[in-house]
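Shown below: start05.cif, with mmCIF, C-alpha atoms and all ligand atoms.
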```
data_structure
#
loop_
_atom_site.label_atom_id
_atom_site.label_comp_id
_atom_site.auth_asym_id
_atom_site.auth_seq_id
_atom_site.Cartn_x
_atom_site.Cartn_y
_atom_site.Cartn_z
CA MET A 21 -46.30 64.15 54.74
CA PRO A 22 -48.44 62.02 52.42
CA LYS A 23 -46.61 60.83 49.31
CA VAL A 24 -47.68 60.24 45.71
CA GLY A 25 -45.79 58.25 43.09
CA ILE A 26 -46.13 59.30 39.46
CA LEU A 27 -45.42 56.97 36.56
CA THR A 28 -45.58 57.27 32.79
CA GLY A 29 -45.97 54.07 30.76
CA GLY A 30 -46.21 53.03 27.12
CA GLY A 31 -45.02 55.13 24.19
CA ASP A 32 -43.79 58.60 25.07
CA CYS A 33 -46.22 61.33 24.14
CA PRO A 34 -46.23 65.14 23.99
CA GLY A 35 -47.82 66.51 27.16
CA LEU A 36 -46.56 63.91 29.66
CA ASN A 37 -44.34 66.48 31.37
CA ALA A 38 -47.21 68.96 31.54
CA VAL A 39 -49.28 66.40 33.49
CA ILE A 40 -46.37 65.60 35.84
CA ARG A 41 -45.85 69.31 36.51
CA ALA A 42 -49.55 69.93 37.23
CA VAL A 43 -49.84 66.95 39.59
CA VAL A 44 -46.72 67.87 41.57
CA ARG A 45 -47.63 71.56 41.86
CA ARG A 46 -51.27 71.00 42.78
CA LEU A 47 -50.46 68.32 45.38
CA ALA A 48 -47.73 70.48 46.93
CA VAL A 49 -50.45 72.99 47.83
CA ASP A 50 -52.06 70.31 50.01
CA GLY A 51 -48.74 69.28 51.56
CA TRP A 52 -48.04 66.17 49.50
CA ASP A 53 -44.58 64.94 48.50
CA ALA A 54 -44.16 63.50 45.03
CA ILE A 55 -41.72 60.97 43.67
CA GLY A 56 -41.22 59.81 40.08
CA VAL A 57 -41.32 56.09 39.33
CA ARG A 58 -38.61 55.40 36.71
CA ALA A 59 -39.72 53.97 33.35
CA GLY A 60 -43.33 53.01 33.96
CA TRP A 61 -44.24 49.78 35.75
CA ARG A 62 -40.60 48.68 35.47
CA GLY A 63 -39.74 51.23 38.16
CA LEU A 64 -42.18 49.62 40.58
CA LEU A 65 -40.86 46.15 39.73
CA ASP A 66 -37.26 47.21 40.37
CA GLY A 67 -37.86 49.87 43.00
CA THR A 68 -36.27 52.70 41.00
CA PHE A 69 -37.43 56.20 41.78
CA THR A 70 -36.41 59.76 41.04
CA PRO A 71 -37.09 62.96 43.02
CA LEU A 72 -39.99 65.11 41.81
CA GLY A 73 -39.85 68.31 43.80
CA LEU A 74 -41.12 71.68 42.65
CA ARG A 75 -37.69 72.50 41.23
CA ASP A 76 -37.59 69.27 39.23
CA VAL A 77 -40.80 70.15 37.43
CA SER A 78 -39.93 73.75 36.76
CA GLY A 79 -39.63 74.57 33.04
CA ILE A 80 -40.87 71.19 31.80
CA LEU A 81 -44.29 72.27 30.50
CA PRO A 82 -43.25 72.60 26.83
CA ARG A 83 -40.85 69.64 26.82
CA GLY A 84 -41.72 66.53 24.80
CA GLY A 85 -41.11 62.99 26.11
CA THR A 86 -41.16 62.28 29.83
CA ILE A 87 -38.60 63.35 32.42
CA ILE A 88 -39.22 60.16 34.44
CA GLY A 89 -38.81 57.73 31.52
CA THR A 90 -41.22 55.14 30.19
CA SER A 91 -41.38 51.50 29.13
CA ARG A 92 -43.86 48.93 27.93
CA THR A 93 -43.35 46.71 31.00
CA ASN A 94 -46.29 44.59 32.10
CA PRO A 95 -45.90 43.33 35.68
CA TYR A 96 -48.57 40.70 35.02
CA THR A 97 -46.26 38.92 32.56
CA VAL A 98 -43.26 38.90 34.92
CA ASP A 99 -42.83 36.10 37.48
CA GLY A 100 -43.81 37.52 40.88
CA GLY A 101 -44.23 40.90 39.19
CA VAL A 102 -47.42 41.99 40.94
CA GLU A 103 -46.01 41.12 44.37
CA ARG A 104 -42.86 43.13 43.61
CA VAL A 105 -44.92 46.14 42.54
CA LEU A 106 -47.02 46.00 45.73
CA GLU A 107 -43.90 45.51 47.86
CA HIS A 108 -42.25 48.64 46.42
CA VAL A 109 -45.43 50.67 46.89
CA ARG A 110 -45.25 49.63 50.57
CA THR A 111 -41.51 50.15 51.12
CA GLU A 112 -41.55 53.52 49.35
CA GLU A 113 -44.54 54.43 51.55
CA LEU A 114 -46.68 55.63 48.67
CA ASP A 115 -50.14 56.76 49.72
CA ALA A 116 -51.26 57.14 46.12
CA LEU A 117 -50.10 56.55 42.58
CA VAL A 118 -50.88 58.58 39.46
CA ALA A 119 -50.45 56.38 36.37
CA ILE A 120 -50.27 58.25 33.08
CA GLY A 121 -50.67 55.98 30.11
CA GLY A 122 -52.76 54.36 27.42
CA GLU A 123 -54.87 51.20 27.42
CA ASP A 124 -51.96 48.95 28.51
CA THR A 125 -50.56 51.03 31.39
CA LEU A 126 -54.04 51.94 32.61
CA GLY A 127 -55.24 48.35 32.13
CA VAL A 128 -52.58 47.26 34.63
CA ALA A 129 -53.60 50.11 36.97
CA ALA A 130 -57.27 49.07 36.75
CA ARG A 131 -56.39 45.46 37.55
CA LEU A 132 -54.10 46.33 40.47
CA HIS A 133 -56.84 48.53 41.89
CA ALA A 134 -59.57 45.90 41.44
CA GLU A 135 -57.51 42.94 42.67
CA HIS A 136 -55.26 44.54 45.30
CA GLY A 137 -56.87 47.87 46.19
CA LEU A 138 -53.93 49.87 44.80
CA PRO A 139 -54.76 53.56 45.44
CA VAL A 140 -54.33 54.68 41.84
CA VAL A 141 -55.68 57.43 39.60
CA GLY A 142 -55.23 57.19 35.82
CA VAL A 143 -54.60 59.91 33.24
CA PRO A 144 -55.33 59.07 29.59
CA LYS A 145 -52.34 59.56 27.33
CA THR A 146 -51.83 58.41 23.77
CA ILE A 147 -51.33 59.93 20.36
CA ASP A 148 -53.69 57.19 19.08
CA ASN A 149 -56.76 58.66 20.88
CA ASP A 150 -58.12 55.12 21.22
CA LEU A 151 -59.18 55.18 24.88
CA SER A 152 -62.86 54.81 25.66
CA ALA A 153 -64.61 57.06 28.16
CA THR A 154 -62.78 60.22 27.14
CA ASP A 155 -63.43 62.40 24.11
CA TYR A 156 -59.71 63.07 23.66
CA THR A 157 -56.43 61.87 25.07
CA PHE A 158 -53.58 64.37 25.29
CA GLY A 159 -50.83 63.95 22.67
CA PHE A 160 -53.36 63.32 19.91
CA ASP A 161 -53.65 66.96 18.90
CA THR A 162 -49.87 67.26 18.54
CA ALA A 163 -49.65 64.10 16.43
CA VAL A 164 -52.46 65.32 14.18
CA SER A 165 -50.78 68.72 13.79
CA ILE A 166 -47.47 67.12 12.82
CA ALA A 167 -49.14 64.75 10.34
CA THR A 168 -51.18 67.61 8.85
CA GLU A 169 -48.10 69.72 8.34
CA ALA A 170 -46.39 66.77 6.65
CA ILE A 171 -49.36 66.31 4.30
CA ASP A 172 -49.26 70.03 3.44
CA ARG A 173 -45.58 69.75 2.60
CA LEU A 174 -46.05 66.58 0.55
CA HIS A 175 -48.73 68.31 -1.53
CA THR A 176 -45.97 70.47 -3.04
CA THR A 177 -44.05 67.48 -4.41
CA ALA A 178 -47.20 65.61 -5.41
CA GLU A 179 -48.35 68.56 -7.49
CA SER A 180 -44.97 69.44 -8.99
CA HIS A 181 -44.18 65.88 -10.06
CA ASN A 182 -47.72 64.64 -10.79
CA ARG A 183 -47.25 61.87 -8.29
CA VAL A 184 -49.32 59.87 -5.87
CA MET A 185 -47.90 60.43 -2.39
CA VAL A 186 -48.76 57.81 0.23
CA VAL A 187 -48.40 59.00 3.84
CA GLU A 188 -48.34 56.31 6.54
CA VAL A 189 -49.39 57.53 9.97
CA MET A 190 -49.49 55.82 13.37
CA GLY A 191 -52.59 54.97 15.39
CA ARG A 192 -52.20 51.25 15.96
CA HIS A 193 -55.60 49.56 15.40
CA THR A 194 -57.62 52.75 15.10
CA GLY A 195 -57.63 55.42 12.42
CA TRP A 196 -58.08 58.60 14.49
CA ILE A 197 -54.82 60.24 13.40
CA ALA A 198 -55.41 59.32 9.73
CA VAL A 199 -58.97 60.65 9.72
CA HIS A 200 -58.20 63.95 11.47
CA ALA A 201 -54.95 64.67 9.62
CA GLY A 202 -56.50 63.49 6.36
CA ILE A 203 -59.42 65.89 6.71
CA ALA A 204 -57.21 68.76 7.87
CA GLY A 205 -54.66 68.17 5.11
CA GLY A 206 -57.22 67.64 2.36
CA ALA A 207 -56.13 64.08 1.55
CA ASP A 208 -57.74 62.45 -1.48
CA VAL A 209 -57.96 58.94 -0.04
CA ILE A 210 -58.00 57.99 3.66
CA LEU A 211 -57.53 54.34 4.64
CA ILE A 212 -58.13 53.23 8.23
CA PRO A 213 -58.45 49.88 10.03
CA GLU A 214 -62.13 50.40 10.83
CA GLN A 215 -63.24 50.74 7.18
CA PRO A 216 -62.51 47.84 4.82
CA VAL A 217 -61.88 49.89 1.67
CA THR A 218 -60.04 47.66 -0.81
CA VAL A 219 -56.91 48.46 -2.79
CA GLU A 220 -59.02 48.30 -5.98
CA GLU A 221 -61.46 50.87 -4.57
CA ALA A 222 -58.60 53.16 -3.52
CA CYS A 223 -57.08 52.92 -7.02
CA ALA A 224 -60.48 53.66 -8.59
CA LEU A 225 -60.76 56.83 -6.48
CA ILE A 226 -57.31 57.96 -7.60
CA GLU A 227 -58.04 57.17 -11.26
CA ARG A 228 -61.37 59.02 -11.14
CA ARG A 229 -59.62 62.06 -9.71
CA HIS A 230 -56.94 61.95 -12.38
CA ARG A 231 -59.64 61.68 -15.10
CA THR A 232 -61.10 64.96 -13.84
CA GLY A 233 -57.79 66.68 -14.51
CA LYS A 234 -56.12 66.41 -11.09
CA ASP A 235 -52.95 64.54 -11.88
CA PHE A 236 -51.65 64.09 -8.35
CA SER A 237 -53.10 62.52 -5.21
CA ILE A 238 -52.41 62.27 -1.50
CA VAL A 239 -53.28 58.99 0.19
CA VAL A 240 -53.21 58.82 4.00
CA VAL A 241 -53.01 55.30 5.37
CA SER A 242 -53.13 54.25 8.98
CA GLU A 243 -50.44 51.75 10.02
CA GLY A 244 -53.14 49.33 11.21
CA TYR A 245 -55.07 49.34 7.91
CA GLU A 246 -55.26 45.79 6.55
CA LEU A 247 -54.30 45.65 2.93
CA GLY A 248 -57.54 44.27 1.48
CA PHE A 249 -58.48 43.14 -2.02
CA SER A 250 -61.77 42.57 -3.81
CA SER A 251 -61.00 38.82 -3.75
CA GLY A 252 -61.57 38.99 0.01
CA GLU A 253 -57.87 38.56 0.81
CA ARG A 254 -56.72 40.87 3.63
CA HIS A 255 -53.56 41.14 5.65
CA LEU A 256 -52.03 43.32 8.32
CA VAL A 257 -48.52 44.48 7.45
CA ALA A 258 -46.31 44.11 10.52
CA GLY A 259 -42.86 45.62 10.92
CA GLU A 260 -39.79 43.63 9.90
CA ALA A 261 -39.01 42.27 13.32
CA ARG A 262 -42.65 41.26 13.82
CA ALA A 263 -41.84 41.67 17.48
CA SER A 264 -44.58 41.88 20.03
CA ASP A 265 -44.24 43.67 23.37
CA GLN A 266 -45.19 42.46 26.86
CA PHE A 267 -48.78 43.42 26.11
CA GLY A 268 -48.84 41.22 23.01
CA HIS A 269 -48.91 44.01 20.41
CA ALA A 270 -47.29 43.30 17.06
CA ARG A 271 -45.01 46.08 15.86
CA LEU A 272 -46.87 47.70 12.99
CA GLY A 273 -45.44 49.60 10.04
CA GLY A 274 -44.87 49.00 6.37
CA VAL A 275 -48.38 49.11 4.95
CA GLY A 276 -47.57 52.41 3.19
CA GLU A 277 -44.78 50.78 1.18
CA ALA A 278 -46.94 47.78 0.22
CA LEU A 279 -49.84 50.05 -0.72
CA ALA A 280 -47.66 52.36 -2.81
CA ARG A 281 -46.40 49.37 -4.80
CA GLU A 282 -49.95 48.22 -5.48
CA ILE A 283 -51.10 51.70 -6.53
CA GLU A 284 -48.18 52.21 -8.91
CA GLU A 285 -48.60 48.78 -10.51
CA ARG A 286 -52.37 49.04 -10.87
CA THR A 287 -52.72 52.68 -11.98
CA GLY A 288 -49.39 53.31 -13.66
CA PHE A 289 -49.05 56.60 -11.70
CA GLU A 290 -45.66 57.27 -10.20
CA THR A 291 -46.05 56.74 -6.45
CA ARG A 292 -43.88 57.55 -3.43
CA VAL A 293 -44.29 56.77 0.25
CA THR A 294 -43.48 58.70 3.42
CA VAL A 295 -43.66 56.97 6.79
CA LEU A 296 -44.04 59.58 9.52
CA GLY A 297 -43.28 57.17 12.37
CA HIS A 298 -42.06 58.50 15.69
CA VAL A 299 -41.82 62.07 14.42
CA GLN A 300 -45.53 62.16 15.31
CA ARG A 301 -44.73 61.61 18.99
CA GLY A 302 -41.72 63.86 19.20
CA GLY A 303 -41.11 67.39 20.32
CA THR A 304 -43.13 70.01 22.06
CA PRO A 305 -46.90 69.61 22.63
CA THR A 306 -49.38 71.93 20.95
CA ALA A 307 -51.03 74.58 23.11
CA ARG A 308 -54.22 72.49 23.12
CA ASP A 309 -52.36 69.43 24.44
CA ARG A 310 -50.57 71.52 27.09
CA VAL A 311 -53.91 72.82 28.33
CA LEU A 312 -55.58 69.39 28.29
CA ALA A 313 -52.60 67.74 30.00
CA THR A 314 -52.55 70.44 32.69
CA ARG A 315 -56.29 70.13 33.31
CA TYR A 316 -55.94 66.33 33.57
CA GLY A 317 -53.04 66.71 36.00
CA LEU A 318 -54.96 69.09 38.23
CA LYS A 319 -57.99 66.80 38.25
CA ALA A 320 -55.83 63.74 39.05
CA ALA A 321 -54.29 65.60 41.98
CA GLU A 322 -57.74 66.55 43.28
CA LEU A 323 -58.85 62.91 43.10
CA VAL A 324 -55.74 61.90 45.07
CA VAL A 325 -56.44 64.52 47.78
CA ALA A 326 -60.06 63.34 47.99
CA GLY A 327 -58.92 59.69 48.23
CA THR A 328 -61.02 58.79 45.17
CA PHE A 329 -59.11 55.92 43.55
CA GLY A 330 -59.74 53.53 40.66
CA ARG A 331 -60.76 56.50 38.53
CA MET A 332 -59.42 58.05 35.34
CA THR A 333 -59.61 61.70 34.38
CA ALA A 334 -61.54 62.27 31.16
CA LEU A 335 -62.72 64.99 28.83
CA HIS A 336 -66.46 65.08 28.18
CA GLY A 337 -67.31 67.93 25.89
CA ASP A 338 -65.32 70.75 27.44
CA GLU A 339 -65.55 69.44 30.98
CA ILE A 340 -62.93 67.45 32.87
CA VAL A 341 -64.61 64.62 34.75
CA ASP A 342 -63.58 61.32 36.31
CA VAL A 343 -64.69 57.90 35.10
CA SER A 344 -64.14 54.32 36.20
CA LEU A 345 -60.66 53.05 35.23
CA ALA A 346 -62.07 49.58 34.65
CA GLU A 347 -64.67 50.85 32.18
CA ALA A 348 -62.24 53.17 30.43
CA THR A 349 -59.86 50.30 29.66
CA ALA A 350 -62.47 47.67 28.79
CA GLN A 351 -62.49 48.37 25.06
CA LEU A 352 -60.78 50.38 22.34
CA LYS A 353 -62.41 53.52 21.03
CA THR A 354 -62.57 53.04 17.29
CA VAL A 355 -63.46 55.63 14.63
CA PRO A 356 -67.25 55.57 14.20
CA ALA A 357 -68.81 55.47 10.74
CA GLU A 358 -70.02 59.08 11.10
CA TRP A 359 -66.46 60.30 11.42
CA TYR A 360 -65.38 58.37 8.36
CA ALA A 361 -68.33 59.82 6.48
CA VAL A 362 -66.97 63.31 7.24
CA ALA A 363 -63.57 62.23 5.93
CA LYS A 364 -65.11 60.83 2.74
CA ALA A 365 -67.30 63.87 2.19
CA SER A 366 -64.35 66.18 2.55
CA VAL A 367 -62.13 64.53 -0.11
O1 LIG B 1 -49.35 53.87 20.91
C1 LIG B 1 -48.55 54.87 20.37
C2 LIG B 1 -47.75 54.33 19.21
O2 LIG B 1 -46.99 55.40 18.70
C3 LIG B 1 -48.56 53.66 18.11
O3 LIG B 1 -49.21 54.57 17.28
C4 LIG B 1 -47.51 52.82 17.43
O4 LIG B 1 -48.04 51.70 16.78
C5 LIG B 1 -46.65 52.38 18.59
O5 LIG B 1 -46.85 53.33 19.63
C6 LIG B 1 -45.18 52.31 18.26
O6 LIG B 1 -44.52 51.78 19.35
P1 LIG B 1 -42.95 51.84 19.57
O7 LIG B 1 -42.59 53.23 19.97
O8 LIG B 1 -42.71 50.86 20.65
O9 LIG B 1 -42.31 51.48 18.26
#
```

Encoded form (structure tokens):
Amino acid sequence: MPKVGILTGGGDCPGLNAVIRAVVRRLAVDGWDAIGVRAGWRGLLDGTFTPLGLRDVSGILPRGGTIIGTSRTNPYTVDGGVERVLEHVRTEELDALVAIGGEDTLGVAARLHAEHGLPVVGVPKTIDNDLSATDYTFGFDTAVSIATEAIDRLHTTAESHNRVMVVEVMGRHTGWIAVHAGIAGGADVILIPEQPVTVEEACALIERRHRTGKDFSIVVVSEGYELGFSSGERHLVAGEARASDQFGHARLGGVGEALAREIEERTGFETRVTVLGHVQRGGTPTARDRVLATRYGLKAAELVVAGTFGRMTALHGDEIVDVSLAEATAQLKTVPAEWYAVAKASV
């Protein structure tokens, strides 16, 4: 029987289990066995696997996280890492690999395919929605829904106490979550990495609003927004540990706190901050993400059966297509100016 390995890498994300389930079930129809690679690329470095039969994937569709574990391991930064990965693909007798991940996990997949002919198909996962070549990644809709609900809830306190409420959302170096949740939640100011709005400009927006009789405001800030000032000074606020992972990413977080301090000092309005953090990645996927993840999984399985490797499943409009893995991971998909214009027009 031909055999497929499935791995999930990078941050966990709602919908991962839905993809795993779809791949296993669809490939079983064509007589394929499936095996889970434990904890992303680390499982192929160490040779750790877990069974993925039809029973193992039963009932996992609505479950958050990933039943096969994940990590931010990069075999290219480990001594002899690539050789170990290839060796375990051989010894485990994998005929194909489905890699479910974001730019880092899929970047490794693209490189292993290009340099070593690894028979791999990618599936685009990330709450950040920052992968090129697909309109949406799964997990994003859930994160936006969670952030929107939080903004709705924070409105109550903002209004009752006449406060400015700053909400820090994830998204790394792109502002997709901030823009979508900000529009959906009716935020008054939206700050994202792609648009260099200064602290002074943000304060002016809040003050103008308060002059018109609205004495509370909601500010949504993306964790990757650089705190910028009219003097030209700008800086990225990194988390306390300032740790970077094997892909060289700094750990972000904290800009909300710094921004709230600035707003309170400059405007005199009482300001509070809420950092949504990993809540945005937790729990059950929305119906939309379950459907998208399932469609991606089915498409990935079809590519495996057809022997079409080095591809990534993607959503174009309402159609599921496949695109080159190399192209999809070549650059980040940032929020275009037109999207930010919608956000600005809606506040
Ligand atoms: O890429 C998904 C993401 O949640 C980012 O939005 C965030 O910056 C990062 O992962 C957090 O990573 P970790 O879970 O390792 O703290």

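The two atoms in question, CA of Pro71 in chain A and CA of Gln266 in chain A, are spaced 27.3 Å apart.
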
How close does each residue of range 230-284 of chain A get to range 110-131 of chain A, giving the shortest atom pair and distance in Å to one decimal for every residue with an atom at most 12 Å away, counting only C-alpha atoms, sorted by chain and residue number, as a Markdown table?
```
| residue | atom | partner | partner_atom | distance |
| --- | --- | --- | --- | --- |
| A:Asp265 | CA | A:Asp124 | CA | 10.7 |
| A:Gln266 | CA | A:Asp124 | CA | 9.5 |
| A:Phe267 | CA | A:Asp124 | CA | 6.8 |
| A:Gly268 | CA | A:Asp124 | CA | 10.0 |
| A:His269 | CA | A:Asp124 | CA | 10.0 |
```

> Which residue gives the smallest distance to ligand LIG 1 (chain B) among A:Ser242, A:Thr146, A:Asn94, A:Ser251, with all atoms listed in the file counted?
Replying inline: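 Going through A:Ser242, A:Thr146, A:Asn94, A:Ser251 one by one, the smallest distance to ligand LIG 1 (chain B) is for A:Thr146.
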
>> Would you pick out the contacts of range 189-201 of chain A at 6 Å or less, using all atoms listed in the file, so that residues sharing its chain but fewer than 5 positions from it are not included, and give the list as a VMD selection string?
In response: chain A and resid 148 164 167 to 168 212 to 213 242 to 244 296 354

> What's the 9 Å shell around Thr333 in chain A, counting all atoms listed in the file, without same-chain residues fewer than 5 positions away, as a VMD selection string?
Replying inline: chain A and resid 141 to 144 154 316 to 317 319 to 320 323 340 to 345

>> Nearest residue to Leu65 in chain A out of A:Thr162, A:Ser78, A:Thr97, A:Thr304, using all atoms listed in the file?
In response: A:Thr97

>> Given only C-alpha atoms as the basis, pick out the residue of A:Arg62, A:Arg310, A:Lys23, A:Arg286 nearest to Asp50 in chain A.
In response: A:Lys23

Because some atoms of range 278-298 of chain A are absent here, can you restore N, CA, C and O atoms and send them as a PDB file, keeping the file's coordinate frame?
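File produced: part_17.pdb:
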```pdb
ATOM      1  N   ALA A 278     -46.203  48.821   0.955  1.00  0.00           N
ATOM      2  CA  ALA A 278     -46.940  47.780   0.220  1.00  0.00           C
ATOM      3  C   ALA A 278     -48.057  48.414  -0.604  1.00  0.00           C
ATOM      4  O   ALA A 278     -48.274  48.045  -1.773  1.00  0.00           O
ATOM      5  N   LEU A 279     -48.740  49.383  -0.021  1.00  0.00           N
ATOM      6  CA  LEU A 279     -49.840  50.050  -0.720  1.00  0.00           C
ATOM      7  C   LEU A 279     -49.327  50.846  -1.921  1.00  0.00           C
ATOM      8  O   LEU A 279     -49.920  50.802  -3.011  1.00  0.00           O
ATOM      9  N   ALA A 280     -48.229  51.550  -1.727  1.00  0.00           N
ATOM     10  CA  ALA A 280     -47.660  52.360  -2.810  1.00  0.00           C
ATOM     11  C   ALA A 280     -47.306  51.482  -4.006  1.00  0.00           C
ATOM     12  O   ALA A 280     -47.556  51.844  -5.160  1.00  0.00           O
ATOM     13  N   ARG A 281     -46.739  50.310  -3.721  1.00  0.00           N
ATOM     14  CA  ARG A 281     -46.400  49.370  -4.800  1.00  0.00           C
ATOM     15  C   ARG A 281     -47.639  48.965  -5.588  1.00  0.00           C
ATOM     16  O   ARG A 281     -47.663  48.973  -6.814  1.00  0.00           O
ATOM     17  N   GLU A 282     -48.694  48.634  -4.830  1.00  0.00           N
ATOM     18  CA  GLU A 282     -49.950  48.220  -5.480  1.00  0.00           C
ATOM     19  C   GLU A 282     -50.509  49.345  -6.342  1.00  0.00           C
ATOM     20  O   GLU A 282     -50.953  49.125  -7.468  1.00  0.00           O
ATOM     21  N   ILE A 283     -50.511  50.567  -5.796  1.00  0.00           N
ATOM     22  CA  ILE A 283     -51.100  51.700  -6.530  1.00  0.00           C
ATOM     23  C   ILE A 283     -50.327  51.949  -7.823  1.00  0.00           C
ATOM     24  O   ILE A 283     -50.908  52.110  -8.900  1.00  0.00           O
ATOM     25  N   GLU A 284     -48.991  51.931  -7.714  1.00  0.00           N
ATOM     26  CA  GLU A 284     -48.180  52.210  -8.910  1.00  0.00           C
ATOM     27  C   GLU A 284     -48.402  51.139  -9.987  1.00  0.00           C
ATOM     28  O   GLU A 284     -48.597  51.444 -11.158  1.00  0.00           O
ATOM     29  N   GLU A 285     -48.413  49.867  -9.541  1.00  0.00           N
ATOM     30  CA  GLU A 285     -48.600  48.780 -10.510  1.00  0.00           C
ATOM     31  C   GLU A 285     -49.969  48.820 -11.158  1.00  0.00           C
ATOM     32  O   GLU A 285     -50.130  48.614 -12.348  1.00  0.00           O
ATOM     33  N   ARG A 286     -50.996  49.114 -10.359  1.00  0.00           N
ATOM     34  CA  ARG A 286     -52.370  49.040 -10.870  1.00  0.00           C
ATOM     35  C   ARG A 286     -52.783  50.277 -11.668  1.00  0.00           C
ATOM     36  O   ARG A 286     -53.569  50.177 -12.601  1.00  0.00           O
ATOM     37  N   THR A 287     -52.269  51.457 -11.301  1.00  0.00           N
ATOM     38  CA  THR A 287     -52.720  52.680 -11.980  1.00  0.00           C
ATOM     39  C   THR A 287     -51.686  53.200 -12.985  1.00  0.00           C
ATOM     40  O   THR A 287     -52.023  53.987 -13.863  1.00  0.00           O
ATOM     41  N   GLY A 288     -50.451  52.804 -12.799  1.00  0.00           N
ATOM     42  CA  GLY A 288     -49.390  53.310 -13.660  1.00  0.00           C
ATOM     43  C   GLY A 288     -48.901  54.694 -13.227  1.00  0.00           C
ATOM     44  O   GLY A 288     -47.988  55.251 -13.827  1.00  0.00           O
ATOM     45  N   PHE A 289     -49.490  55.272 -12.174  1.00  0.00           N
ATOM     46  CA  PHE A 289     -49.050  56.600 -11.700  1.00  0.00           C
ATOM     47  C   PHE A 289     -47.821  56.427 -10.804  1.00  0.00           C
ATOM     48  O   PHE A 289     -47.791  55.543  -9.933  1.00  0.00           O
ATOM     49  N   GLU A 290     -46.860  57.307 -11.029  1.00  0.00           N
ATOM     50  CA  GLU A 290     -45.660  57.270 -10.200  1.00  0.00           C
ATOM     51  C   GLU A 290     -46.062  57.522  -8.744  1.00  0.00           C
ATOM     52  O   GLU A 290     -46.779  58.484  -8.446  1.00  0.00           O
ATOM     53  N   THR A 291     -45.595  56.669  -7.847  1.00  0.00           N
ATOM     54  CA  THR A 291     -46.050  56.740  -6.450  1.00  0.00           C
ATOM     55  C   THR A 291     -44.858  56.710  -5.494  1.00  0.00           C
ATOM     56  O   THR A 291     -43.903  55.980  -5.718  1.00  0.00           O
ATOM     57  N   ARG A 292     -44.921  57.523  -4.459  1.00  0.00           N
ATOM     58  CA  ARG A 292     -43.880  57.550  -3.430  1.00  0.00           C
ATOM     59  C   ARG A 292     -44.523  57.405  -2.056  1.00  0.00           C
ATOM     60  O   ARG A 292     -45.699  57.722  -1.884  1.00  0.00           O
ATOM     61  N   VAL A 293     -43.731  56.952  -1.097  1.00  0.00           N
ATOM     62  CA  VAL A 293     -44.290  56.770   0.250  1.00  0.00           C
ATOM     63  C   VAL A 293     -43.460  57.513   1.290  1.00  0.00           C
ATOM     64  O   VAL A 293     -42.234  57.578   1.185  1.00  0.00           O
ATOM     65  N   THR A 294     -44.146  58.080   2.268  1.00  0.00           N
ATOM     66  CA  THR A 294     -43.480  58.700   3.420  1.00  0.00           C
ATOM     67  C   THR A 294     -44.077  58.085   4.687  1.00  0.00           C
ATOM     68  O   THR A 294     -45.291  58.086   4.864  1.00  0.00           O
ATOM     69  N   VAL A 295     -43.199  57.544   5.522  1.00  0.00           N
ATOM     70  CA  VAL A 295     -43.660  56.970   6.790  1.00  0.00           C
ATOM     71  C   VAL A 295     -43.316  57.959   7.893  1.00  0.00           C
ATOM     72  O   VAL A 295     -42.137  58.215   8.142  1.00  0.00           O
ATOM     73  N   LEU A 296     -44.332  58.526   8.536  1.00  0.00           N
ATOM     74  CA  LEU A 296     -44.040  59.580   9.520  1.00  0.00           C
ATOM     75  C   LEU A 296     -43.469  59.034  10.823  1.00  0.00           C
ATOM     76  O   LEU A 296     -42.682  59.681  11.498  1.00  0.00           O
ATOM     77  N   GLY A 297     -43.871  57.839  11.214  1.00  0.00           N
ATOM     78  CA  GLY A 297     -43.280  57.170  12.370  1.00  0.00           C
ATOM     79  C   GLY A 297     -43.257  58.003  13.638  1.00  0.00           C
ATOM     80  O   GLY A 297     -44.180  58.766  13.935  1.00  0.00           O
ATOM     81  N   HIS A 298     -42.139  57.902  14.355  1.00  0.00           N
ATOM     82  CA  HIS A 298     -42.060  58.500  15.690  1.00  0.00           C
ATOM     83  C   HIS A 298     -41.969  60.020  15.688  1.00  0.00           C
ATOM     84  O   HIS A 298     -42.073  60.641  16.745  1.00  0.00           O
TER      85      HIS A 298
END
```
